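Source file entry33.cif; content: mmCIF, C-alpha atoms.
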```cif
data_entry
#
loop_
_atom_site.group_PDB
_atom_site.id
_atom_site.type_symbol
_atom_site.label_atom_id
_atom_site.label_comp_id
_atom_site.auth_asym_id
_atom_site.auth_seq_id
_atom_site.Cartn_x
_atom_site.Cartn_y
_atom_site.Cartn_z
ATOM 1 C CA VAL A 25 -17.988 -9.809 -6.337
ATOM 2 C CA GLN A 26 -18.373 -6.274 -4.953
ATOM 3 C CA ARG A 27 -17.278 -7.379 -1.475
ATOM 4 C CA ILE A 28 -14.032 -8.800 -2.886
ATOM 5 C CA LEU A 29 -13.402 -5.804 -5.142
ATOM 6 C CA ASN A 30 -13.870 -3.465 -2.157
ATOM 7 C CA SER A 31 -11.552 -5.518 0.053
ATOM 8 C CA ARG A 32 -8.076 -4.712 1.303
ATOM 9 C CA VAL A 33 -6.699 -7.398 -1.025
ATOM 10 C CA MET A 34 -7.891 -5.331 -3.988
ATOM 11 C CA LYS A 35 -6.281 -2.265 -2.400
ATOM 12 C CA TYR A 36 -3.033 -4.258 -2.140
ATOM 13 C CA TYR A 37 -3.277 -5.432 -5.759
ATOM 14 C CA ALA A 38 -4.026 -1.926 -6.975
ATOM 15 C CA ALA A 39 -1.055 -0.543 -5.069
ATOM 16 C CA LEU A 40 1.189 -3.097 -6.761
ATOM 17 C CA THR A 41 -0.089 -2.449 -10.274
ATOM 18 C CA ALA A 42 -0.903 1.283 -10.273
ATOM 19 C CA PHE A 43 1.519 4.122 -10.711
ATOM 20 C CA SER A 44 1.630 7.390 -8.810
ATOM 21 C CA ILE A 45 0.829 10.724 -10.395
ATOM 22 C CA ALA A 46 1.117 14.274 -9.076
ATOM 23 C CA GLY A 47 -0.006 14.796 -5.506
ATOM 24 C CA GLY A 48 0.552 11.156 -4.537
ATOM 25 C CA TYR A 49 -2.597 9.943 -6.284
ATOM 26 C CA GLN A 50 -2.590 6.522 -7.887
ATOM 27 C CA CYS A 51 -3.561 5.965 -11.503
ATOM 28 C CA TYR A 52 -5.348 2.672 -12.119
ATOM 29 C CA GLN A 53 -5.226 1.318 -15.621
ATOM 30 C CA LYS A 54 -7.992 -0.872 -16.940
ATOM 31 C CA ASN A 55 -5.648 -3.563 -18.250
ATOM 32 C CA PHE A 56 -4.213 -4.147 -14.754
ATOM 33 C CA ILE A 57 -7.610 -4.197 -13.047
ATOM 34 C CA GLU A 58 -8.900 -6.698 -15.615
ATOM 35 C CA ARG A 59 -6.164 -9.124 -14.506
ATOM 36 C CA PHE A 60 -7.491 -9.246 -10.937
ATOM 37 C CA GLY A 61 -8.871 -12.772 -10.831
ATOM 38 C CA LEU A 62 -11.896 -13.967 -8.931
ATOM 39 C CA PRO A 63 -11.971 -17.556 -7.711
ATOM 40 C CA ASP A 64 -14.784 -19.970 -8.406
ATOM 41 C CA LEU A 65 -16.939 -20.171 -5.308
ATOM 42 C CA GLU A 66 -18.310 -23.287 -3.695
ATOM 43 C CA PRO A 67 -22.038 -23.455 -2.948
ATOM 44 C CA GLY A 68 -22.786 -21.270 0.046
ATOM 45 C CA GLU A 69 -19.570 -19.225 -0.127
ATOM 46 C CA ALA A 70 -21.268 -16.310 -1.905
ATOM 47 C CA VAL A 71 -23.844 -16.128 0.883
ATOM 48 C CA TRP A 72 -21.082 -16.258 3.500
ATOM 49 C CA ILE A 73 -19.169 -13.462 1.720
ATOM 50 C CA GLU A 74 -22.282 -11.257 1.804
ATOM 51 C CA GLN A 75 -22.540 -11.727 5.578
ATOM 52 C CA ALA A 76 -18.862 -11.743 6.557
ATOM 53 C CA LEU A 77 -16.865 -8.834 7.904
ATOM 54 C CA PRO A 78 -14.661 -7.055 5.348
ATOM 55 C CA SER A 79 -11.522 -8.373 7.037
ATOM 56 C CA GLU A 80 -12.878 -11.932 6.782
ATOM 57 C CA VAL A 81 -13.668 -11.490 3.085
ATOM 58 C CA ALA A 82 -10.160 -10.199 2.402
ATOM 59 C CA ALA A 83 -8.542 -13.049 4.349
ATOM 60 C CA PHE A 84 -10.746 -15.591 2.540
ATOM 61 C CA TYR A 85 -9.793 -14.219 -0.872
ATOM 62 C CA ALA A 86 -6.090 -14.045 -0.001
ATOM 63 C CA GLU A 87 -6.077 -17.655 1.149
ATOM 64 C CA ARG A 88 -8.041 -18.790 -1.901
ATOM 65 C CA VAL A 89 -5.556 -17.244 -4.346
ATOM 66 C CA GLY A 90 -2.451 -18.216 -2.380
ATOM 67 C CA LEU A 91 -1.484 -14.862 -0.848
ATOM 68 C CA ASN A 92 0.036 -14.592 2.601
ATOM 69 C CA TRP A 93 -2.604 -12.462 4.332
ATOM 70 C CA ASP A 94 -0.247 -11.378 7.119
ATOM 71 C CA ALA A 95 2.227 -10.106 4.518
ATOM 72 C CA VAL A 96 -0.553 -8.217 2.715
ATOM 73 C CA GLU A 97 -1.668 -6.560 5.964
ATOM 74 C CA THR A 98 1.913 -5.650 6.869
ATOM 75 C CA SER A 99 2.490 -4.135 3.441
ATOM 76 C CA LEU A 100 -0.686 -2.053 3.642
ATOM 77 C CA GLU A 101 0.185 -0.830 7.128
ATOM 78 C CA ARG A 102 3.661 0.201 5.975
ATOM 79 C CA SER A 103 2.148 2.117 3.071
ATOM 80 C CA GLY A 104 -0.061 4.079 5.447
ATOM 81 C CA GLU A 105 -3.296 2.206 4.809
ATOM 82 C CA ARG A 106 -5.624 2.202 7.800
ATOM 83 C CA THR A 107 -5.405 -0.899 9.923
ATOM 84 C CA GLN A 108 -9.121 -0.711 10.759
ATOM 85 C CA THR A 109 -11.353 -1.644 7.816
ATOM 86 C CA GLN A 110 -14.817 -0.139 7.796
ATOM 87 C CA GLN A 111 -17.596 -2.629 7.561
ATOM 88 C CA ILE A 112 -19.330 -2.347 4.191
ATOM 89 C CA ARG A 113 -22.640 -4.098 3.910
#
```

Taking this structure as input, can you express it in the form of structure tokens?
Amino acid sequence: VQRILNSRVMKYYAALTAFSIAGGYQCYQKNFIERFGLPDLEPGEAVWIEQALPSEVAAFYAERVGLNWDAVETSLERSGERTQTQQIR
């Protein structure tokens, strides 16, 4: 779960549901974060997620929930999000 919540897809979702406050910071409200759904995983997928690169985890999640991953990446790049995701293990 942590790998998905720390993914660029979560960053994209948060950017869509949060609102900006002074200084350009985003305010995340609990009721919007609670709506971020996690898919049921097939046997072995949780193990794969633990070992996969962050970009692979984000692409997996996006595909699983029906998001266009290329569109998500483009949106994040336009908003100034780094194009290089640090590997979190």

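Counting all atoms listed in the file, Leu62 of chain A has the following residues at most 12 Å away, ignoring those fewer than 6 positions along the same chain: Val25, Gln26, Arg27, Ile28, Leu29, Val33, Met34, Ala70, Phe84, Tyr85, Ala86, Arg88 and Val89 of chain A.
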
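Across the model, the gap from atom CA of Glu97 of chain A to atom CA of Ser31 of chain A is 11.6 Å.
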
**Asked** Between atom CA of Leu100 of chain A and atom CA of Tyr36 of chain A, what is the distance, to one decimal in Å?
**Response** 6.6 Å

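Here atom CA of Leu91 of chain A and atom CA of Ser79 of chain A stand 14.3 Å from one another.
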
**Request:** Counting only C-alpha atoms, figure out which residue out of A:Val81, A:Gln75, A:Tyr37, A:Thr98 gets nearest to Tyr52 of chain A.
**Result:** A:Tyr37

**Asked** Which residues fall under the PyMOL selection byres ((chain A and resi 57) around 12) in this file, as a list of chain:residue names?
**Response** A:Leu29, A:Met34, A:Lys35, A:Tyr36, A:Tyr37, A:Ala38, A:Ala39, A:Leu40, A:Thr41, A:Ala42, A:Cys51, A:Tyr52, A:Gln53, A:Lys54, A:Asn55, A:Phe56, A:Glu58, A:Arg59, A:Phe60, A:Gly61, A:Leu62

**Asked** Smallest atom-to-atom distance to Pro63 of chain A: which of A:Glu87, A:Asp94, A:Glu101, A:Glu80, using only C-alpha atoms?
**Response** A:Glu87
